[in-house]
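Engineer: Pasting a structure below so you can have a look.
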Amino acid sequence: MPLFYQHNIDQHTHLAIWRIEENAEFFLAKVPLKKEVKHPYKMLQHLAGRFVLTQLFDDFPLEEIEIADTRKPFLPDEKYHFSISHCGNYAAAIASSTKRVGVDVEFISPRLESIAHKFLHASEAAYMENWRYLEEMHLQLTTVMWSAKEAVYKWYGKGGVDFKEHMQLNGIPIYKNDDFIDLPFQFSKEKPRQLEVQGRIFDPLVLSWVVSEP
């Protein structure tokens with residue numbers, strides 16, 4: 001089974017990444033396809049992301065998922081809060097019965113360094129310059145910053161968020177055990193909130209997630 005990564009954050013909140021090696025028929029036997037997805041690979045990612053939810057909680061009611069105007073999937077009764085992300089042949093999902101959550105998975109790519117000015121606040125860009133002399137570290141951290149903000153965006157779920165102004169690093173990222181990173185963020189859309197975003201660096205992926213009280 002291509003379960004690439006699994007992390008039980010607590011008894012109510014679980015996270016996993018699936019490496020997609022199966023065809024669509026494998027997932028269609030287990031996942032209801034409620035919306036039309038024309039592109040075959042996009043459909044495969046769509047199905048795999050939802051399939052991961054059933055690996056987190058075996059009673060996850062896939063058939064009850066609805067899509068908000070902001071394109072965020074949700075359960076009307078909020079039995080679980082959840083978030084899904086796709087990247088190439090990887091699908092990540094996080095779900096919790098008690099907390100608000102967001103997740104994002106990204107390939108580590110120099111492309112993000114070329115567009116960093118679009119999502120990094122001036123204070124964040126200044127911090128990133130401290131790592132410019134370590135090329136690999138700078139690339140990883142740039143990817144982590146983008147992924148962290150994507151995770152926060154999905155956590156919020158209402159759209160209308162400025163990545164530079166509404167979500168900003170509010171402290172120094174702390175590396176733990178080489179591949180885990182704690183990122184303190186302030187989210188200032190509506191009322192300010194402090195968020196602790198978690199990141200993990202794989203090869204060739206970056207995974208970020210956020211968990212908070214509702």
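Residues in the structure tokens are numbered from 1 in each chain, the chains being A, B, ... in the order shown, and ligands are numbered from 1 in the order shown.
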Report as a list in words all protein, DNA and RNA residues lying within 12 Å of Asp59 of chain A, evaluated on only C-alpha atoms, omitting residues in the same chain fewer than 6 positions from it.

Structural biologist: Phe51, Leu53, Lys79, Tyr80, Ala95 and Ser97 of chain A

Engineer: What would the file look like if the residues just selected were written as a short mmCIF file (atom, residue, chain, number, x, y, z; two decimals), in the first residue's frame with N, CA and C atoms?

Structural biologist:
data_model
loop_
_atom_site.label_atom_id
_atom_site.label_comp_id
_atom_site.auth_asym_id
_atom_site.auth_seq_id
_atom_site.Cartn_x
_atom_site.Cartn_y
_atom_site.Cartn_z
N PHE A 51 -9.99 9.52 -0.96
CA PHE A 51 -9.69 8.19 -0.44
C PHE A 51 -8.84 8.28 0.83
N LEU A 53 -8.96 10.38 3.13
CA LEU A 53 -9.82 10.68 4.28
C LEU A 53 -10.33 9.41 4.95
N LYS A 79 -19.10 16.82 11.26
CA LYS A 79 -18.62 15.66 12.02
C LYS A 79 -17.10 15.64 12.01
N TYR A 80 -16.54 16.02 10.88
CA TYR A 80 -15.10 16.20 10.76
C TYR A 80 -14.81 17.51 10.05
N ALA A 95 -7.75 15.49 8.85
CA ALA A 95 -9.13 15.53 9.33
C ALA A 95 -9.13 15.52 10.86
N SER A 97 -12.05 15.69 14.34
CA SER A 97 -13.41 15.76 14.85
C SER A 97 -13.61 16.93 15.81
#

Engineer: Tell me, which residues of segment 127-157 of chain A carry DSSP alpha helix (DSSP H), written as a PyMOL selection string?

Structural biologist: chain A and resi 127-129+135-156

Engineer: Can you write out the residues you just picked, keeping C-alpha atoms, as an mmCIF file, in the first residue's frame?

Structural biologist:
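Output below, filename result_35.cif:
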data_model
loop_
_atom_site.group_PDB
_atom_site.id
_atom_site.type_symbol
_atom_site.label_atom_id
_atom_site.label_comp_id
_atom_site.auth_asym_id
_atom_site.auth_seq_id
_atom_site.Cartn_x
_atom_site.Cartn_y
_atom_site.Cartn_z
ATOM 1 C CA TYR A 127 14.498 37.057 7.040
ATOM 2 C CA MET A 128 14.869 34.791 4.021
ATOM 3 C CA GLU A 129 17.917 36.757 2.865
ATOM 4 C CA GLU A 135 21.204 27.515 -1.498
ATOM 5 C CA GLU A 136 19.483 24.250 -0.558
ATOM 6 C CA MET A 137 18.249 25.596 2.780
ATOM 7 C CA HIS A 138 16.953 28.777 1.131
ATOM 8 C CA LEU A 139 15.026 26.753 -1.456
ATOM 9 C CA GLN A 140 13.532 24.444 1.162
ATOM 10 C CA LEU A 141 12.509 27.296 3.433
ATOM 11 C CA THR A 142 10.964 29.256 0.546
ATOM 12 C CA THR A 143 8.888 26.193 -0.313
ATOM 13 C CA VAL A 144 7.926 25.744 3.332
ATOM 14 C CA MET A 145 6.771 29.377 3.530
ATOM 15 C CA TRP A 146 4.589 29.007 0.456
ATOM 16 C CA SER A 147 3.197 25.687 1.662
ATOM 17 C CA ALA A 148 2.522 27.068 5.154
ATOM 18 C CA LYS A 149 0.536 29.972 3.732
ATOM 19 C CA GLU A 150 -1.429 27.609 1.497
ATOM 20 C CA ALA A 151 -2.267 25.514 4.553
ATOM 21 C CA VAL A 152 -3.430 28.615 6.443
ATOM 22 C CA TYR A 153 -5.509 29.671 3.424
ATOM 23 C CA LYS A 154 -7.263 26.300 3.448
ATOM 24 C CA TRP A 155 -7.677 26.445 7.218
ATOM 25 C CA TYR A 156 -9.478 29.782 6.858
#

Engineer: One decimal, in Å: what's the spacing between atom CA of Leu205 of chain A and atom CA of Ser83 of chain A?

Structural biologist: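 We find that atom CA of Leu205 of chain A and atom CA of Ser83 of chain A lie 17.7 Å from each other.
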
Engineer: Can you measure atom CA of Asn8 of chain A to atom CA of Phe57 of chain A for me? One decimal in Å is fine.

Structural biologist: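 Atom CA of Phe57 of chain A lies at a distance of 10.9 Å from atom CA of Asn8 of chain A.
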
Engineer: List the neighbours of Phe180 of chain A out to 12 Å using only C-alpha atoms; skip same-chain residues closer than 6 positions along the sequence, and give me the result as a list in words.

Structural biologist: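 Once the nearby chain positions are removed, what remains is Gln140, Leu141, Val144, Pro173, Ile174, Val197, Gln198, Gly199, Arg200, Ile201, Phe202, Val206, Leu207, Ser208 and Trp209 of chain A.
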
Engineer: Check the smallest atom-to-atom distance from each of A:Arg132, A:Asp77, A:Ala93, A:Lys72 to His7 of chain A using only C-alpha atoms, then report the winner.

Structural biologist: A:Ala93

Engineer: Residues at most 10 Å from Tyr90 of chain A, counting only C-alpha atoms, excluding those fewer than 4 positions away in the same chain, as an NGL selection string?

Structural biologist: :A and (2-4 or 17-21 or 45 or 48-49 or 85-86 or 105-107 or 205)

Engineer: Which residue, A:Asp10, A:Glu124, A:Glu63, A:Asp203, has the smallest gap to Asp179 of chain A when you use only C-alpha atoms?

Structural biologist: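 Selected residue with least distance to Asp179 of chain A: A:Asp203.
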
Engineer: Fewer than 5 positions away in the same chain doesn't count, so skip those; otherwise give me all residues within 12 Å of Glu78 of chain A, counting only C-alpha atoms, as a PyMOL selection string.

Structural biologist: chain A and resi 60-61+64-66+73+95-100+214

Engineer: Which residue is closest to Phe119 of chain A? Choose from A:Lys176, A:His166, A:Lys158, A:Lys189 and count only C-alpha atoms.

Structural biologist: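 Among the listed residues, A:His166 lies closest to Phe119 of chain A.
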
Engineer: Tell me, in Å to one decimal, how far atom CA of Glu36 of chain A is from atom CA of Ile67 of chain A.

Structural biologist: 12.9 Å

Engineer: Nearest to Ile84 of chain A among A:Val103, A:Ala16, A:Met167, A:Ile9, with distances taken over only C-alpha atoms: which residue is it?

Structural biologist: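 The closest residue to Ile84 of chain A is A:Val103.
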
Engineer: Would you mind listing what lies within 8 Å of Gln194 of chain A as a list of chain:residue names, with only C-alpha atoms counted and same-chain residues fewer than 2 positions away left out?

Structural biologist: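 So the residues in contact are A:Pro184, A:Phe185, A:Gln186, A:Phe187, A:Pro192, A:Glu196.
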
Engineer: Filtering to C-alpha atoms, could you give me those residues as a JSON list (two decimals), in the first residue's frame?

Structural biologist:
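New file selection_12.json:
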[["chain", "number", "residue", "atom", "x", "y", "z"],
["A", 184, "PRO", "CA", 4.65, 30.83, 14.26],
["A", 185, "PHE", "CA", 2.18, 32.82, 12.15],
["A", 186, "GLN", "CA", -0.21, 35.68, 12.70],
["A", 187, "PHE", "CA", -3.38, 35.56, 10.64],
["A", 192, "PRO", "CA", -5.82, 38.66, 14.50],
["A", 196, "GLU", "CA", 1.32, 27.43, 14.89]]
